[in-house]
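**Student:** Before I ask anything, let me first share the structure, which is written out below as structure tokens.
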Amino acid sequence: MSTTTPDTEVGKRTLRRVARRLLPLLVLLYFVNYLDRVNIGFAGPNGMNAELGLTATMFGLASGIFFIGYLVLEVPSNLALHRFGARIWITRILVSWGIIATAMAFVPNATVLIVLRFLLGVAEAGFFPGIILYLTYWFPAEQRARAVALFMTAVPVSVAVGSVVSSLLIRAGDGLFGASGWRVMFAAEGIPAILLGVLTFFALTDRPGQARWLRDDERAWLTEKLEAEARATERTAHWPLRRALTHPRILALAFVYFGITYGLYALSFFLPTIVAGFEQQFGTKLDVLQRGFVTAIPYVIAAVVMVVWGRRADAARSMRGRAWFVAAPALLGGLAIPVALYLANPWLAMGAVTLCAVGVCGALAPFWALPSQFLTGAAAAGGIALINSLGNLSGFTAPYITGALADLSGSQRAGLWVVGVCMVAAAAVAVAVGSRIGREVGEAPVSTHPSPGTD
């Protein structure tokens with residue numbers, strides 16, 4: 001029997017039903033969440049920077065200050081979700097961020113833009129780590145990496161589809177009600193979060209024991225399976241909340257996540273600008289919609305790789321093995337991205353950018369299987385939130401540093417070298433953390449070449 005499938009027929013049936021019920025809604029929520037977070041990257045080079053008088057550094061500040069507000073309330077928000085339940089808390093997050101995201105359409109100047117971006121981070125705090133925590137309530141450890149991978153396909157899909165949708169909204173909305181196209185885009189992409197908040201309140205179920213849409217035997221199997229895993233984790237690695245918020249291992253994992261997401265946010269915020277720069281560098285001529293399609297290419301490929309890699313990662317039952325599934329794609333992305341703008345034509349440059357996107361997205365899903373191996377309960381809520389909040393400081397530093405280096409050097413090259421260094425460092429630390437935990441629990445060393453999983 002495969003090591004990556006549940007041990008009974010009722011288990012297989014239960015997890016299929018859980019996946020069909022929860023994952024489509026969660027993917028849709030994260031799609032809208034991530035799009036509202038990064039759509040400023042499409043607004044910038046398509047009229048917003050010129051209309052508001054933003055330099056590259058100011059644009060980087062406006063893009064990244066979101067994550068300062070995010071950092072402030074991330075841990076308290078996730079602890080609130082653990083206490084009050086996902087249905088109520090995710091609804092609160094969705095409605096508040098939707099209101100602020102829609103208000104972005106009416107910014108009169110750079111100062112108000114920066115303030116609203118900060119408040120957007122405050123409103124969204126807790127959403128992503130809350131969903132990661134929520135998935136641990138529904139999926140056993142041997143299914144968790146693929147569940148996270150399916151959930152996180154919303155990242156590349158939101159950039160791929162969002163780049164085209166945002167470009168269409170900017171072009172079609174220009175002049176609508178006398179507004180610029182980028183303002184219409186902000187309004188059109190903010191309102192769905194409010195509507196989805198209402199849907200979430202009625203559609204989401206907090207815990208398996210409350211799931212009336214499961215049969216009695218399915219509900220009993222899943223509850224016992226997850227409770228048994230929690231008891232086993234508590235016996236081998238009892239982590240109280242205070243330890244989860246202060247231990248060097250958590251800080252090391254936060255650094256790994258910082259390095260991976262540094263590449264993600266540098267690409268998300270500046271890839272549209274980089275593609276627009278191809279006109280000057282290579283003499284290409286692209287309109288706003290064509291730029292959207294070109295921007296989508298790396299993320300379409302990355303979305304496919306993310307799902308496949310997440311399924312393979314579930315075959316790695318040890319911390320060492322899971323760590324290599326994080327490190328290998330991070331290393332690939334880190335080595336690929338610095339050379340992107342040194343290549344002789346736009347096709348080769350986009351190939352390097354695509355490898356970076358594949359590396360980033362491939363590392364994300366197996367990464368979130370690491371902390372859930374030794375954290376449960378309130379410690380999981382606090383520890384996952386802390387890792388996410390500290391790691392997401394890259395969302396501030398990546399666009400700000402990339403923009404500042406572009407202003408100083410007149411090129412995107414220096415910023416992409418920083419991306420490469422951060423991702424390579426993340427890969428090295430991931431291997432070190434996995435090896436350390438593996439030694440502590442007596443695991444045998446693993447090959448640096450992960451073997452395929454089975455279905």
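Ordered as shown in the structure tokens, chains take letters A, B, and onward, while each chain numbers its residues from 1 and ligands are numbered from 1 in the order shown.
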Which residues in region 314-399 of chain A does DSSP call alpha helix (DSSP H)? List them as a PDB file with N, CA, C and O atoms, in the first residue's frame.
**Tutor:**
ATOM      1  N   MET A 319      11.861  14.425   8.269  1.00  0.00           N
ATOM      2  CA  MET A 319      12.147  15.854   8.190  1.00  0.00           C
ATOM      3  C   MET A 319      13.271  16.128   7.202  1.00  0.00           C
ATOM      4  O   MET A 319      13.243  17.122   6.478  1.00  0.00           O
ATOM      5  N   ARG A 320      14.277  15.262   7.169  1.00  0.00           N
ATOM      6  CA  ARG A 320      15.369  15.463   6.206  1.00  0.00           C
ATOM      7  C   ARG A 320      14.835  15.419   4.772  1.00  0.00           C
ATOM      8  O   ARG A 320      15.195  16.251   3.940  1.00  0.00           O
ATOM      9  N   GLY A 321      13.997  14.425   4.497  1.00  0.00           N
ATOM     10  CA  GLY A 321      13.456  14.313   3.145  1.00  0.00           C
ATOM     11  C   GLY A 321      12.601  15.499   2.761  1.00  0.00           C
ATOM     12  O   GLY A 321      12.723  16.044   1.656  1.00  0.00           O
ATOM     13  N   ARG A 322      11.729  15.935   3.683  1.00  0.00           N
ATOM     14  CA  ARG A 322      10.875  17.084   3.391  1.00  0.00           C
ATOM     15  C   ARG A 322      11.717  18.346   3.195  1.00  0.00           C
ATOM     16  O   ARG A 322      11.388  19.192   2.364  1.00  0.00           O
ATOM     17  N   ALA A 323      12.799  18.461   3.966  1.00  0.00           N
ATOM     18  CA  ALA A 323      13.657  19.641   3.827  1.00  0.00           C
ATOM     19  C   ALA A 323      14.285  19.712   2.440  1.00  0.00           C
ATOM     20  O   ALA A 323      14.417  20.798   1.857  1.00  0.00           O
ATOM     21  N   TRP A 324      14.671  18.559   1.881  1.00  0.00           N
ATOM     22  CA  TRP A 324      15.245  18.570   0.538  1.00  0.00           C
ATOM     23  C   TRP A 324      14.212  18.936  -0.518  1.00  0.00           C
ATOM     24  O   TRP A 324      14.561  19.531  -1.550  1.00  0.00           O
ATOM     25  N   PHE A 325      12.969  18.603  -0.280  1.00  0.00           N
ATOM     26  CA  PHE A 325      11.934  19.007  -1.226  1.00  0.00           C
ATOM     27  C   PHE A 325      11.714  20.522  -1.198  1.00  0.00           C
ATOM     28  O   PHE A 325      11.181  21.088  -2.145  1.00  0.00           O
ATOM     29  N   VAL A 326      12.094  21.175  -0.123  1.00  0.00           N
ATOM     30  CA  VAL A 326      12.073  22.638  -0.054  1.00  0.00           C
ATOM     31  C   VAL A 326      13.334  23.212  -0.695  1.00  0.00           C
ATOM     32  O   VAL A 326      13.287  24.160  -1.488  1.00  0.00           O
ATOM     33  N   ALA A 327      14.483  22.623  -0.339  1.00  0.00           N
ATOM     34  CA  ALA A 327      15.765  23.198  -0.730  1.00  0.00           C
ATOM     35  C   ALA A 327      16.033  23.100  -2.235  1.00  0.00           C
ATOM     36  O   ALA A 327      16.559  24.047  -2.844  1.00  0.00           O
ATOM     37  N   ALA A 328      15.688  21.966  -2.853  1.00  0.00           N
ATOM     38  CA  ALA A 328      16.031  21.771  -4.271  1.00  0.00           C
ATOM     39  C   ALA A 328      15.390  22.823  -5.180  1.00  0.00           C
ATOM     40  O   ALA A 328      16.087  23.466  -5.983  1.00  0.00           O
ATOM     41  N   PRO A 329      14.064  23.065  -5.097  1.00  0.00           N
ATOM     42  CA  PRO A 329      13.502  24.108  -5.966  1.00  0.00           C
ATOM     43  C   PRO A 329      13.963  25.505  -5.599  1.00  0.00           C
ATOM     44  O   PRO A 329      14.122  26.356  -6.485  1.00  0.00           O
ATOM     45  N   ALA A 330      14.197  25.768  -4.296  1.00  0.00           N
ATOM     46  CA  ALA A 330      14.691  27.089  -3.908  1.00  0.00           C
ATOM     47  C   ALA A 330      16.067  27.340  -4.515  1.00  0.00           C
ATOM     48  O   ALA A 330      16.362  28.457  -4.981  1.00  0.00           O
ATOM     49  N   LEU A 331      16.902  26.321  -4.513  1.00  0.00           N
ATOM     50  CA  LEU A 331      18.234  26.449  -5.116  1.00  0.00           C
ATOM     51  C   LEU A 331      18.124  26.691  -6.617  1.00  0.00           C
ATOM     52  O   LEU A 331      18.836  27.540  -7.177  1.00  0.00           O
ATOM     53  N   LEU A 332      17.230  25.960  -7.280  1.00  0.00           N
ATOM     54  CA  LEU A 332      17.019  26.169  -8.720  1.00  0.00           C
ATOM     55  C   LEU A 332      16.620  27.607  -9.010  1.00  0.00           C
ATOM     56  O   LEU A 332      17.203  28.266  -9.893  1.00  0.00           O
ATOM     57  N   GLY A 333      15.637  28.119  -8.276  1.00  0.00           N
ATOM     58  CA  GLY A 333      15.189  29.493  -8.503  1.00  0.00           C
ATOM     59  C   GLY A 333      16.271  30.509  -8.213  1.00  0.00           C
ATOM     60  O   GLY A 333      16.435  31.490  -8.955  1.00  0.00           O
ATOM     61  N   GLY A 334      17.028  30.286  -7.139  1.00  0.00           N
ATOM     62  CA  GLY A 334      18.077  31.233  -6.777  1.00  0.00           C
ATOM     63  C   GLY A 334      19.195  31.305  -7.786  1.00  0.00           C
ATOM     64  O   GLY A 334      19.784  32.368  -8.010  1.00  0.00           O
ATOM     65  N   LEU A 335      19.510  30.178  -8.412  1.00  0.00           N
ATOM     66  CA  LEU A 335      20.568  30.175  -9.425  1.00  0.00           C
ATOM     67  C   LEU A 335      20.092  30.720 -10.759  1.00  0.00           C
ATOM     68  O   LEU A 335      20.885  31.255 -11.544  1.00  0.00           O
ATOM     69  N   ALA A 336      18.794  30.595 -11.038  1.00  0.00           N
ATOM     70  CA  ALA A 336      18.270  30.993 -12.351  1.00  0.00           C
ATOM     71  C   ALA A 336      18.038  32.493 -12.465  1.00  0.00           C
ATOM     72  O   ALA A 336      18.310  33.095 -13.514  1.00  0.00           O
ATOM     73  N   PRO A 346      14.592  38.180 -25.345  1.00  0.00           N
ATOM     74  CA  PRO A 346      13.532  38.108 -24.329  1.00  0.00           C
ATOM     75  C   PRO A 346      13.046  36.695 -24.054  1.00  0.00           C
ATOM     76  O   PRO A 346      12.589  36.409 -22.949  1.00  0.00           O
ATOM     77  N   TRP A 347      13.157  35.788 -25.026  1.00  0.00           N
ATOM     78  CA  TRP A 347      12.718  34.416 -24.796  1.00  0.00           C
ATOM     79  C   TRP A 347      13.619  33.717 -23.775  1.00  0.00           C
ATOM     80  O   TRP A 347      13.132  33.025 -22.872  1.00  0.00           O
ATOM     81  N   LEU A 348      14.928  33.884 -23.910  1.00  0.00           N
ATOM     82  CA  LEU A 348      15.844  33.298 -22.934  1.00  0.00           C
ATOM     83  C   LEU A 348      15.666  33.936 -21.561  1.00  0.00           C
ATOM     84  O   LEU A 348      15.706  33.249 -20.532  1.00  0.00           O
ATOM     85  N   ALA A 349      15.462  35.245 -21.552  1.00  0.00           N
ATOM     86  CA  ALA A 349      15.253  35.931 -20.271  1.00  0.00           C
ATOM     87  C   ALA A 349      14.000  35.412 -19.579  1.00  0.00           C
ATOM     88  O   ALA A 349      13.995  35.150 -18.372  1.00  0.00           O
ATOM     89  N   MET A 350      12.912  35.240 -20.328  1.00  0.00           N
ATOM     90  CA  MET A 350      11.687  34.719 -19.734  1.00  0.00           C
ATOM     91  C   MET A 350      11.859  33.263 -19.303  1.00  0.00           C
ATOM     92  O   MET A 350      11.232  32.814 -18.335  1.00  0.00           O
ATOM     93  N   GLY A 351      12.721  32.517 -19.976  1.00  0.00           N
ATOM     94  CA  GLY A 351      13.007  31.149 -19.544  1.00  0.00           C
ATOM     95  C   GLY A 351      13.639  31.130 -18.165  1.00  0.00           C
ATOM     96  O   GLY A 351      13.272  30.315 -17.303  1.00  0.00           O
ATOM     97  N   ALA A 352      14.585  32.036 -17.928  1.00  0.00           N
ATOM     98  CA  ALA A 352      15.224  32.118 -16.618  1.00  0.00           C
ATOM     99  C   ALA A 352      14.235  32.568 -15.550  1.00  0.00           C
ATOM    100  O   ALA A 352      14.223  32.051 -14.428  1.00  0.00           O
ATOM    101  N   VAL A 353      13.392  33.546 -15.890  1.00  0.00           N
ATOM    102  CA  VAL A 353      12.366  34.000 -14.951  1.00  0.00           C
ATOM    103  C   VAL A 353      11.395  32.860 -14.633  1.00  0.00           C
ATOM    104  O   VAL A 353      10.965  32.699 -13.477  1.00  0.00           O
ATOM    105  N   THR A 354      11.059  32.064 -15.632  1.00  0.00           N
ATOM    106  CA  THR A 354      10.150  30.936 -15.421  1.00  0.00           C
ATOM    107  C   THR A 354      10.762  29.915 -14.474  1.00  0.00           C
ATOM    108  O   THR A 354      10.082  29.373 -13.591  1.00  0.00           O
ATOM    109  N   LEU A 355      12.052  29.630 -14.622  1.00  0.00           N
ATOM    110  CA  LEU A 355      12.719  28.708 -13.701  1.00  0.00           C
ATOM    111  C   LEU A 355      12.675  29.241 -12.274  1.00  0.00           C
ATOM    112  O   LEU A 355      12.506  28.471 -11.320  1.00  0.00           O
ATOM    113  N   CYS A 356      12.816  30.548 -12.116  1.00  0.00           N
ATOM    114  CA  CYS A 356      12.726  31.129 -10.782  1.00  0.00           C
ATOM    115  C   CYS A 356      11.319  30.961 -10.216  1.00  0.00           C
ATOM    116  O   CYS A 356      11.147  30.584  -9.042  1.00  0.00           O
ATOM    117  N   ALA A 357      10.307  31.240 -11.025  1.00  0.00           N
ATOM    118  CA  ALA A 357       8.922  31.080 -10.565  1.00  0.00           C
ATOM    119  C   ALA A 357       8.630  29.628 -10.195  1.00  0.00           C
ATOM    120  O   ALA A 357       7.970  29.351  -9.190  1.00  0.00           O
ATOM    121  N   VAL A 358       9.133  28.682 -10.987  1.00  0.00           N
ATOM    122  CA  VAL A 358       8.977  27.262 -10.688  1.00  0.00           C
ATOM    123  C   VAL A 358       9.653  26.926  -9.361  1.00  0.00           C
ATOM    124  O   VAL A 358       9.100  26.186  -8.522  1.00  0.00           O
ATOM    125  N   GLY A 359      10.865  27.457  -9.162  1.00  0.00           N
ATOM    126  CA  GLY A 359      11.579  27.196  -7.915  1.00  0.00           C
ATOM    127  C   GLY A 359      10.850  27.736  -6.705  1.00  0.00           C
ATOM    128  O   GLY A 359      10.710  27.054  -5.683  1.00  0.00           O
ATOM    129  N   VAL A 360      10.364  28.976  -6.804  1.00  0.00           N
ATOM    130  CA  VAL A 360       9.631  29.586  -5.696  1.00  0.00           C
ATOM    131  C   VAL A 360       8.394  28.779  -5.359  1.00  0.00           C
ATOM    132  O   VAL A 360       8.153  28.401  -4.199  1.00  0.00           O
ATOM    133  N   CYS A 361       7.571  28.508  -6.362  1.00  0.00           N
ATOM    134  CA  CYS A 361       6.299  27.828  -6.113  1.00  0.00           C
ATOM    135  C   CYS A 361       6.506  26.377  -5.699  1.00  0.00           C
ATOM    136  O   CYS A 361       5.752  25.845  -4.875  1.00  0.00           O
ATOM    137  N   GLY A 362       7.536  25.746  -6.248  1.00  0.00           N
ATOM    138  CA  GLY A 362       7.821  24.374  -5.856  1.00  0.00           C
ATOM    139  C   GLY A 362       8.231  24.248  -4.406  1.00  0.00           C
ATOM    140  O   GLY A 362       7.940  23.244  -3.749  1.00  0.00           O
ATOM    141  N   ALA A 363       8.909  25.254  -3.871  1.00  0.00           N
ATOM    142  CA  ALA A 363       9.382  25.199  -2.481  1.00  0.00           C
ATOM    143  C   ALA A 363       8.283  25.507  -1.474  1.00  0.00           C
ATOM    144  O   ALA A 363       8.357  25.078  -0.319  1.00  0.00           O
ATOM    145  N   LEU A 364       7.251  26.252  -1.877  1.00  0.00           N
ATOM    146  CA  LEU A 364       6.279  26.761  -0.905  1.00  0.00           C
ATOM    147  C   LEU A 364       5.460  25.658  -0.243  1.00  0.00           C
ATOM    148  O   LEU A 364       5.296  25.647   0.983  1.00  0.00           O
ATOM    149  N   ALA A 365       4.900  24.732  -1.014  1.00  0.00           N
ATOM    150  CA  ALA A 365       4.004  23.730  -0.434  1.00  0.00           C
ATOM    151  C   ALA A 365       4.716  22.784   0.527  1.00  0.00           C
ATOM    152  O   ALA A 365       4.262  22.596   1.665  1.00  0.00           O
ATOM    153  N   PRO A 366       5.840  22.163   0.144  1.00  0.00           N
ATOM    154  CA  PRO A 366       6.510  21.293   1.116  1.00  0.00           C
ATOM    155  C   PRO A 366       7.057  22.049   2.315  1.00  0.00           C
ATOM    156  O   PRO A 366       7.210  21.468   3.391  1.00  0.00           O
ATOM    157  N   PHE A 367       7.321  23.348   2.162  1.00  0.00           N
ATOM    158  CA  PHE A 367       7.808  24.098   3.321  1.00  0.00           C
ATOM    159  C   PHE A 367       6.803  24.050   4.462  1.00  0.00           C
ATOM    160  O   PHE A 367       7.159  23.837   5.625  1.00  0.00           O
ATOM    161  N   GLY A 377      -1.952  22.455  18.204  1.00  0.00           N
ATOM    162  CA  GLY A 377      -2.763  23.322  19.051  1.00  0.00           C
ATOM    163  C   GLY A 377      -2.382  24.787  18.970  1.00  0.00           C
ATOM    164  O   GLY A 377      -2.084  25.326  17.892  1.00  0.00           O
ATOM    165  N   ALA A 378      -2.360  25.458  20.127  1.00  0.00           N
ATOM    166  CA  ALA A 378      -2.032  26.883  20.172  1.00  0.00           C
ATOM    167  C   ALA A 378      -0.608  27.139  19.710  1.00  0.00           C
ATOM    168  O   ALA A 378      -0.318  28.183  19.112  1.00  0.00           O
ATOM    169  N   ALA A 379       0.307  26.182  19.981  1.00  0.00           N
ATOM    170  CA  ALA A 379       1.690  26.339  19.514  1.00  0.00           C
ATOM    171  C   ALA A 379       1.749  26.367  17.995  1.00  0.00           C
ATOM    172  O   ALA A 379       2.527  27.132  17.405  1.00  0.00           O
ATOM    173  N   ALA A 380       0.928  25.541  17.335  1.00  0.00           N
ATOM    174  CA  ALA A 380       0.877  25.567  15.873  1.00  0.00           C
ATOM    175  C   ALA A 380       0.311  26.893  15.385  1.00  0.00           C
ATOM    176  O   ALA A 380       0.827  27.494  14.431  1.00  0.00           O
ATOM    177  N   ALA A 381      -0.753  27.375  16.037  1.00  0.00           N
ATOM    178  CA  ALA A 381      -1.348  28.654  15.637  1.00  0.00           C
ATOM    179  C   ALA A 381      -0.329  29.781  15.748  1.00  0.00           C
ATOM    180  O   ALA A 381      -0.151  30.583  14.825  1.00  0.00           O
ATOM    181  N   GLY A 382       0.355  29.862  16.892  1.00  0.00           N
ATOM    182  CA  GLY A 382       1.323  30.935  17.090  1.00  0.00           C
ATOM    183  C   GLY A 382       2.581  30.755  16.272  1.00  0.00           C
ATOM    184  O   GLY A 382       3.096  31.705  15.678  1.00  0.00           O
ATOM    185  N   GLY A 383       3.112  29.525  16.222  1.00  0.00           N
ATOM    186  CA  GLY A 383       4.357  29.280  15.499  1.00  0.00           C
ATOM    187  C   GLY A 383       4.220  29.485  14.004  1.00  0.00           C
ATOM    188  O   GLY A 383       5.078  30.115  13.365  1.00  0.00           O
ATOM    189  N   ILE A 384       3.145  28.955  13.410  1.00  0.00           N
ATOM    190  CA  ILE A 384       2.919  29.137  11.971  1.00  0.00           C
ATOM    191  C   ILE A 384       2.736  30.611  11.642  1.00  0.00           C
ATOM    192  O   ILE A 384       3.263  31.116  10.647  1.00  0.00           O
ATOM    193  N   ALA A 385       1.983  31.330  12.496  1.00  0.00           N
ATOM    194  CA  ALA A 385       1.782  32.758  12.257  1.00  0.00           C
ATOM    195  C   ALA A 385       3.092  33.527  12.363  1.00  0.00           C
ATOM    196  O   ALA A 385       3.352  34.445  11.577  1.00  0.00           O
ATOM    197  N   LEU A 386       3.939  33.169  13.343  1.00  0.00           N
ATOM    198  CA  LEU A 386       5.213  33.868  13.500  1.00  0.00           C
ATOM    199  C   LEU A 386       6.125  33.621  12.304  1.00  0.00           C
ATOM    200  O   LEU A 386       6.758  34.544  11.785  1.00  0.00           O
ATOM    201  N   ILE A 387       6.201  32.372  11.863  1.00  0.00           N
ATOM    202  CA  ILE A 387       7.006  32.062  10.677  1.00  0.00           C
ATOM    203  C   ILE A 387       6.516  32.860   9.481  1.00  0.00           C
ATOM    204  O   ILE A 387       7.304  33.456   8.732  1.00  0.00           O
ATOM    205  N   ASN A 388       5.206  32.885   9.290  1.00  0.00           N
ATOM    206  CA  ASN A 388       4.649  33.592   8.143  1.00  0.00           C
ATOM    207  C   ASN A 388       4.878  35.095   8.238  1.00  0.00           C
ATOM    208  O   ASN A 388       5.222  35.748   7.252  1.00  0.00           O
ATOM    209  N   SER A 389       4.689  35.671   9.439  1.00  0.00           N
ATOM    210  CA  SER A 389       4.829  37.123   9.570  1.00  0.00           C
ATOM    211  C   SER A 389       6.275  37.558   9.399  1.00  0.00           C
ATOM    212  O   SER A 389       6.560  38.539   8.692  1.00  0.00           O
ATOM    213  N   LEU A 390       7.224  36.849  10.037  1.00  0.00           N
ATOM    214  CA  LEU A 390       8.628  37.211   9.875  1.00  0.00           C
ATOM    215  C   LEU A 390       9.098  36.937   8.449  1.00  0.00           C
ATOM    216  O   LEU A 390       9.828  37.744   7.855  1.00  0.00           O
ATOM    217  N   GLY A 391       8.683  35.795   7.896  1.00  0.00           N
ATOM    218  CA  GLY A 391       9.071  35.487   6.518  1.00  0.00           C
ATOM    219  C   GLY A 391       8.533  36.494   5.532  1.00  0.00           C
ATOM    220  O   GLY A 391       9.204  36.860   4.561  1.00  0.00           O
ATOM    221  N   SER A 394       9.860  39.850   3.823  1.00  0.00           N
ATOM    222  CA  SER A 394      10.401  39.920   2.458  1.00  0.00           C
ATOM    223  C   SER A 394       9.459  40.686   1.548  1.00  0.00           C
ATOM    224  O   SER A 394       9.889  41.285   0.554  1.00  0.00           O
ATOM    225  N   GLY A 395       8.165  40.663   1.872  1.00  0.00           N
ATOM    226  CA  GLY A 395       7.211  41.421   1.070  1.00  0.00           C
ATOM    227  C   GLY A 395       7.439  42.911   1.160  1.00  0.00           C
ATOM    228  O   GLY A 395       7.057  43.661   0.246  1.00  0.00           O
ATOM    229  N   PHE A 396       8.046  43.363   2.256  1.00  0.00           N
ATOM    230  CA  PHE A 396       8.439  44.770   2.353  1.00  0.00           C
ATOM    231  C   PHE A 396       9.824  44.988   1.754  1.00  0.00           C
ATOM    232  O   PHE A 396      10.028  45.883   0.939  1.00  0.00           O
ATOM    233  N   THR A 397      10.790  44.148   2.164  1.00  0.00           N
ATOM    234  CA  THR A 397      12.172  44.391   1.746  1.00  0.00           C
ATOM    235  C   THR A 397      12.389  44.120   0.264  1.00  0.00           C
ATOM    236  O   THR A 397      13.148  44.843  -0.390  1.00  0.00           O
ATOM    237  N   ALA A 398      11.731  43.077  -0.286  1.00  0.00           N
ATOM    238  CA  ALA A 398      11.993  42.734  -1.687  1.00  0.00           C
ATOM    239  C   ALA A 398      11.604  43.855  -2.647  1.00  0.00           C
ATOM    240  O   ALA A 398      12.431  44.298  -3.452  1.00  0.00           O
ATOM    241  N   PRO A 399      10.349  44.350  -2.620  1.00  0.00           N
ATOM    242  CA  PRO A 399      10.033  45.431  -3.557  1.00  0.00           C
ATOM    243  C   PRO A 399      10.771  46.723  -3.245  1.00  0.00           C
ATOM    244  O   PRO A 399      11.152  47.453  -4.173  1.00  0.00           O
TER     245      PRO A 399
END
**Student:** Can you tell me which residues surround region 111-124 of chain A at a distance of at most 9 Å, considering only C-alpha atoms, apart from same-chain residues fewer than 3 positions away, and format the answer as a VMD selection string?
**Tutor:** chain A and resid 33 37 58 61 to 74 92 to 98 100 to 101 103 to 104 107 to 108 127 to 128
**Student:** If you keep N, CA and C atoms, can you produce a file of those selected residues as a CSV table (one decimal), in the first residue's frame?
**Tutor:**
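Resulting contents of selection_38.csv:
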chain,number,residue,atom,x,y,z
A,33,ASN,N,-7.3,37.0,-2.5
A,33,ASN,CA,-6.4,37.6,-1.5
A,33,ASN,C,-5.1,38.0,-2.1
A,37,ARG,N,-3.4,41.7,-3.1
A,37,ARG,CA,-2.1,42.0,-2.5
A,37,ARG,C,-1.1,42.5,-3.5
A,58,MET,N,9.6,54.9,-4.2
A,58,MET,CA,8.3,55.1,-3.6
A,58,MET,C,7.3,54.0,-3.9
A,61,LEU,N,8.1,51.2,-1.7
A,61,LEU,CA,7.6,51.4,-0.4
A,61,LEU,C,6.1,51.1,-0.3
A,62,ALA,N,5.3,51.7,-1.3
A,62,ALA,CA,3.9,51.5,-1.3
A,62,ALA,C,3.5,50.0,-1.4
A,63,SER,N,4.3,49.3,-2.2
A,63,SER,CA,4.1,47.8,-2.4
A,63,SER,C,4.4,47.1,-1.1
A,64,GLY,N,5.5,47.4,-0.5
A,64,GLY,CA,6.0,46.6,0.6
A,64,GLY,C,5.4,47.0,2.0
A,65,ILE,N,4.9,48.2,2.2
A,65,ILE,CA,4.5,48.6,3.5
A,65,ILE,C,3.3,47.7,4.0
A,66,PHE,N,2.6,47.1,3.1
A,66,PHE,CA,1.5,46.2,3.4
A,66,PHE,C,2.0,45.2,4.4
A,67,PHE,N,3.2,44.7,4.3
A,67,PHE,CA,3.7,43.7,5.2
A,67,PHE,C,4.1,44.1,6.5
A,68,ILE,N,4.3,45.4,6.7
A,68,ILE,CA,4.5,45.9,8.1
A,68,ILE,C,3.2,45.8,8.9
A,69,GLY,N,2.1,46.2,8.3
A,69,GLY,CA,0.8,46.0,9.0
A,69,GLY,C,0.5,44.5,9.2
A,70,TYR,N,0.9,43.7,8.2
A,70,TYR,CA,0.7,42.3,8.3
A,70,TYR,C,1.5,41.7,9.5
A,71,LEU,N,2.7,42.2,9.7
A,71,LEU,CA,3.6,41.7,10.8
A,71,LEU,C,3.0,42.0,12.1
A,72,VAL,N,2.4,43.2,12.3
A,72,VAL,CA,2.0,43.6,13.6
A,72,VAL,C,0.9,42.7,14.2
A,73,LEU,N,-0.1,42.3,13.4
A,73,LEU,CA,-1.2,41.5,13.9
A,73,LEU,C,-1.3,40.1,13.5
A,74,GLU,N,-0.2,39.5,12.9
A,74,GLU,CA,-0.3,38.2,12.3
A,74,GLU,C,-0.5,37.1,13.4
A,92,ARG,N,-14.4,37.8,8.9
A,92,ARG,CA,-14.0,39.1,9.3
A,92,ARG,C,-12.9,39.6,8.5
A,93,ILE,N,-11.9,38.8,8.2
A,93,ILE,CA,-10.7,39.2,7.4
A,93,ILE,C,-11.1,39.6,6.0
A,94,LEU,N,-11.9,38.7,5.4
A,94,LEU,CA,-12.3,39.0,4.0
A,94,LEU,C,-13.1,40.3,3.8
A,95,VAL,N,-14.1,40.5,4.7
A,95,VAL,CA,-14.9,41.8,4.6
A,95,VAL,C,-14.0,43.0,4.8
A,96,SER,N,-13.2,43.0,5.8
A,96,SER,CA,-12.4,44.2,6.1
A,96,SER,C,-11.4,44.5,5.0
A,97,TRP,N,-10.7,43.4,4.5
A,97,TRP,CA,-9.7,43.7,3.5
A,97,TRP,C,-10.4,44.1,2.2
A,98,GLY,N,-11.6,43.5,1.9
A,98,GLY,CA,-12.3,43.9,0.7
A,98,GLY,C,-12.7,45.4,0.6
A,100,ILE,N,-11.1,47.9,2.2
A,100,ILE,CA,-9.9,48.7,2.0
A,100,ILE,C,-9.3,48.5,0.6
A,101,ALA,N,-9.4,47.3,0.1
A,101,ALA,CA,-8.9,47.1,-1.3
A,101,ALA,C,-9.7,47.9,-2.3
A,103,ALA,N,-11.3,50.7,-1.6
A,103,ALA,CA,-10.9,52.1,-1.4
A,103,ALA,C,-9.7,52.6,-2.1
A,104,MET,N,-8.8,51.6,-2.5
A,104,MET,CA,-7.6,51.9,-3.2
A,104,MET,C,-7.9,52.6,-4.5
A,107,VAL,N,-7.6,56.7,-4.3
A,107,VAL,CA,-6.4,57.4,-3.7
A,107,VAL,C,-6.1,58.7,-4.4
A,108,PRO,N,-5.9,59.8,-3.7
A,108,PRO,CA,-5.6,61.1,-4.4
A,108,PRO,C,-4.1,61.3,-4.6
A,127,PHE,N,-4.8,35.7,7.5
A,127,PHE,CA,-5.5,34.9,6.5
A,127,PHE,C,-4.7,33.7,6.1
A,128,PHE,N,-3.5,33.9,5.6
A,128,PHE,CA,-2.7,32.8,5.1
A,128,PHE,C,-2.3,31.8,6.2
**Student:** Compile the contact shell of Thr91 (chain A) as JSON, numbers by chain: residues with an atom at most 8 Å away, counting only C-alpha atoms, same-chain residues fewer than 2 positions apart removed.
**Tutor:** {"A": [86, 87, 88, 89, 93, 94, 95, 197, 198, 200, 201]}
**Student:** Hey, which bits of region 108-220 of chain A sit within 10 Å of region 301-309 of chain A, and for each residue what's the closest pair of atoms and how far apart in Å (one decimal), counting only C-alpha atoms, rows by chain and increasing number, as a Markdown table?
**Tutor:**
| residue | atom | partner | partner_atom | distance |
| --- | --- | --- | --- | --- |
| A:Ala145 | CA | A:Trp309 | CA | 9.1 |
| A:Arg146 | CA | A:Val307 | CA | 6.8 |
| A:Ala147 | CA | A:Val307 | CA | 9.0 |
| A:Val148 | CA | A:Val307 | CA | 9.1 |
| A:Ala149 | CA | A:Val307 | CA | 5.4 |
| A:Leu150 | CA | A:Val307 | CA | 6.0 |
| A:Phe151 | CA | A:Val307 | CA | 9.3 |
| A:Met152 | CA | A:Met306 | CA | 8.1 |
| A:Thr153 | CA | A:Ala303 | CA | 5.4 |
| A:Ala154 | CA | A:Ala303 | CA | 8.1 |
| A:Val155 | CA | A:Ala303 | CA | 8.0 |
| A:Pro156 | CA | A:Ala303 | CA | 5.4 |
| A:Val157 | CA | A:Ala303 | CA | 6.5 |
| A:Ser158 | CA | A:Ala303 | CA | 9.9 |
| A:Ala160 | CA | A:Ala303 | CA | 9.1 |
